[in-house]
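> Would you mind keeping the following structure in view while I ask a few things?
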Amino acid sequence: MRVVQVEHLTPEMRLGLSIRLANGLRLAAMGQPGDPELVQRLRDHGVRVVYVQGGETGDPADLEPRVALETWSEAVTGLARVAGELHRAEVFRPGALDAGHRGARSLLLAQRRARGVLAALTRLRALNSHVLDHSLRVMIISLMVGQALGWGRQQLRSLGLGGLLHDVGHSLVPAELHDNPGAWSDDEFKAMQAHTKLGADLLAELGLGRPVVRAGLQHHERWNGTGYLEGLAGPGIHPCARVVTVADAFDALIHDRPYRPAFAPREALELTMAERGRGYDPAVVDALLRCVRLYPVGSVVLLNVGALAVVSGENDGEPTRPVVRLLGSASGAEETVDLRHKAGWYVLNVVRRVPVSR
Ligand SMILES: [Fe+2]
Ligand SMILES: [Fe+2]
């Protein structure tokens, strides 16, 4: 299979994959010839690129080798770049981030000849570079959280691929919706929400396993049942989808969106913690907390009790409650305080951050 701009379709070319509308109806079937009538129909629905069959077999997973290799090497390069950016953002513990990056990298390296994965990735790449970068970050963050949850190799493999491909359904949503984010009518919002179902159908068609398909379908569901597309709740949501949900939302918070600027990591974490047991699986939020660092050792913080303090230790899994050394304590009786054991005391804000050496 290869990717072709809709304007370049000819009647001799045959569609490599079926094309569905946002409401799930099929706009064109796999194998359909690229005649002028089809070109017009695709244009009318804002479809810009399609797959056409490239080999004799017509196998949907038979991606043209050059396109597959380009996609793959762009993803591998992109992964290193976004991992570097995440390091510079100083949100995650370097050890956890390195482990997540390593997991994502070896998983991606193993996908070099995985036609289904590469076909889905090619679609993400055809959308725009922001979508591919977001997908790569969600892959890393999901794996980091999965490792913190103690998941096994096979589960992590599905989780990584689910994180990477969760948004592939956006490639099946009318292009003009992407050009106009945040200003959607109710119908347009519904069409946008359908990226979950469209993506899941595509992932199933490409032969990706059930957990990956579920990550695509359910990553906008919420633990308390307030999400979409089906309003599933709690354990009714696939475990992979529960992790990808948190990774996806957290990554969205710490990056600019067309309709709002990025939140500072600490604010993003507070917003995520506020959804613990509400929108998000509490175990997943707890695992994310074990991966982040809020107050690196050496930071000067202001406590709610009015004292300035220097962070002297971090507590695993409780990034908001570090060990601090009080500055200028009048009593002199209590120099070092572990905020885990000091009820009612908490960090109000950071007065001075330490530059982290990487
Ligand atoms: Fe999504
Ligand atoms: Fe996403």
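Chain identifiers are assigned as A, B, and so on, following the order in which chains appear in the structure tokens; residues are numbered from 1 within each chain, and ligands are numbered from 1 in order of appearance.
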Run DSSP on the backbone of this structure and report the residues of stretch 60-192 of chain A it assigns to helix (DSSP H, G or I), as a PyMOL selection string.

chain A and resi 65-89+94-109+115-127+129-148+153-165+168-172+175-179+186-192

> Could you give me, as a PyMOL selection string, the residues within 9 Å of A:Arg157, counting only C-alpha atoms and dropping anything in the same chain fewer than 5 positions from it?

chain A and resi 103-104+107+143+152+162

> For those residues, write C-alpha atoms to a file as a PDB file, in the first residue's frame.


```pdb
ATOM      1  CA  GLY A 103      10.808   0.612  26.443  1.00  0.00           C
ATOM      2  CA  ALA A 104       9.268   2.740  23.687  1.00  0.00           C
ATOM      3  CA  LEU A 107       9.190  -1.605  20.982  1.00  0.00           C
ATOM      4  CA  LEU A 143       5.023   2.828  29.264  1.00  0.00           C
ATOM      5  CA  GLY A 152       4.621  -7.653  32.384  1.00  0.00           C
ATOM      6  CA  GLY A 162      -2.036   1.525  22.275  1.00  0.00           C
TER       7      GLY A 162
END
```

> Could you list, as an MDAnalysis selection string, every residue within 12 Å of A:Glu318, counting only C-alpha atoms and ignoring same-chain residues fewer than 4 positions away?

chainID A and resid 269 273 285:295 313:314 322:323 338:341 346

> Go ahead and write the residues just picked, C-alpha atoms, as a CSV table (one decimal), in the first residue's frame.


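Saved to result_39.csv:
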```csv
chain,number,residue,atom,x,y,z
A,269,LEU,CA,-0.2,17.4,38.1
A,273,MET,CA,-4.6,14.4,41.0
A,285,VAL,CA,-2.8,8.3,38.9
A,286,ASP,CA,-0.8,6.9,41.8
A,287,ALA,CA,1.5,5.2,39.3
A,288,LEU,CA,2.0,8.5,37.4
A,289,LEU,CA,2.8,10.2,40.7
A,290,ARG,CA,5.6,7.7,41.3
A,291,CYS,CA,7.1,8.8,38.0
A,292,VAL,CA,7.0,12.6,38.5
A,293,ARG,CA,9.1,15.0,40.5
A,294,LEU,CA,7.7,18.3,41.7
A,295,TYR,CA,10.2,19.7,44.1
A,313,GLY,CA,14.5,14.7,50.2
A,314,GLU,CA,11.7,13.4,47.9
A,322,PRO,CA,8.8,16.2,50.2
A,323,VAL,CA,11.2,16.2,53.2
A,338,ASP,CA,8.9,15.1,56.5
A,339,LEU,CA,5.7,16.5,55.1
A,340,ARG,CA,4.2,13.0,54.8
A,341,HIS,CA,4.0,12.9,58.6
A,346,TYR,CA,2.0,21.6,52.7
```

> Per residue of chain A within 9 Å of ligand 1, what are the shortest atom pair and its distance in Å to one decimal, counting only C-alpha atoms and all ligand atoms, with rows by chain and residue number, as JSON lines?


```
{"residue": "A:His166", "atom": "CA", "partner": "ligand 1", "partner_atom_place_in_ligand_line": "1 (Fe)", "distance": 6.5}
{"residue": "A:Asp167", "atom": "CA", "partner": "ligand 1", "partner_atom_place_in_ligand_line": "1 (Fe)", "distance": 4.8}
{"residue": "A:Val168", "atom": "CA", "partner": "ligand 1", "partner_atom_place_in_ligand_line": "1 (Fe)", "distance": 8.3}
{"residue": "A:Gly169", "atom": "CA", "partner": "ligand 1", "partner_atom_place_in_ligand_line": "1 (Fe)", "distance": 7.9}
{"residue": "A:His170", "atom": "CA", "partner": "ligand 1", "partner_atom_place_in_ligand_line": "1 (Fe)", "distance": 7.6}
{"residue": "A:Met192", "atom": "CA", "partner": "ligand 1", "partner_atom_place_in_ligand_line": "1 (Fe)", "distance": 8.9}
{"residue": "A:Gln193", "atom": "CA", "partner": "ligand 1", "partner_atom_place_in_ligand_line": "1 (Fe)", "distance": 7.8}
{"residue": "A:His195", "atom": "CA", "partner": "ligand 1", "partner_atom_place_in_ligand_line": "1 (Fe)", "distance": 6.8}
{"residue": "A:Thr196", "atom": "CA", "partner": "ligand 1", "partner_atom_place_in_ligand_line": "1 (Fe)", "distance": 6.4}
{"residue": "A:Gly216", "atom": "CA", "partner": "ligand 1", "partner_atom_place_in_ligand_line": "1 (Fe)", "distance": 7.7}
{"residue": "A:Leu217", "atom": "CA", "partner": "ligand 1", "partner_atom_place_in_ligand_line": "1 (Fe)", "distance": 8.9}
{"residue": "A:Gln218", "atom": "CA", "partner": "ligand 1", "partner_atom_place_in_ligand_line": "1 (Fe)", "distance": 8.9}
{"residue": "A:His219", "atom": "CA", "partner": "ligand 1", "partner_atom_place_in_ligand_line": "1 (Fe)", "distance": 6.4}
{"residue": "A:His220", "atom": "CA", "partner": "ligand 1", "partner_atom_place_in_ligand_line": "1 (Fe)", "distance": 6.4}
{"residue": "A:Thr245", "atom": "CA", "partner": "ligand 1", "partner_atom_place_in_ligand_line": "1 (Fe)", "distance": 8.5}
{"residue": "A:Asp248", "atom": "CA", "partner": "ligand 1", "partner_atom_place_in_ligand_line": "1 (Fe)", "distance": 7.6}
```

> Counting only C-alpha atoms and all ligand atoms, figure out which residue out of A:Ala343, A:Leu97, A:Leu253, A:Ala126 gets nearest to ligand 2.

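Of all the options, A:Leu253 lies closest to ligand 2.
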
> Residues within 10 Å of A:Glu74, please, as a list in words. Count only C-alpha atoms; anything in the same chain fewer than 5 positions from it doesn't count.

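Listing them by chain and then by number gives Ala68, Leu69, Leu79, Leu121, Thr122, Arg125 and Leu132 of chain A.
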
> Select, from A:Arg137, A:His178, A:Arg115, A:His8, the residue with the minimum atom-to-atom distance to ligand 2, counting only C-alpha atoms and all ligand atoms.

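Of A:Arg137, A:His178, A:Arg115, A:His8, the one nearest ligand 2 is A:Arg137, counting only C-alpha atoms and all ligand atoms.
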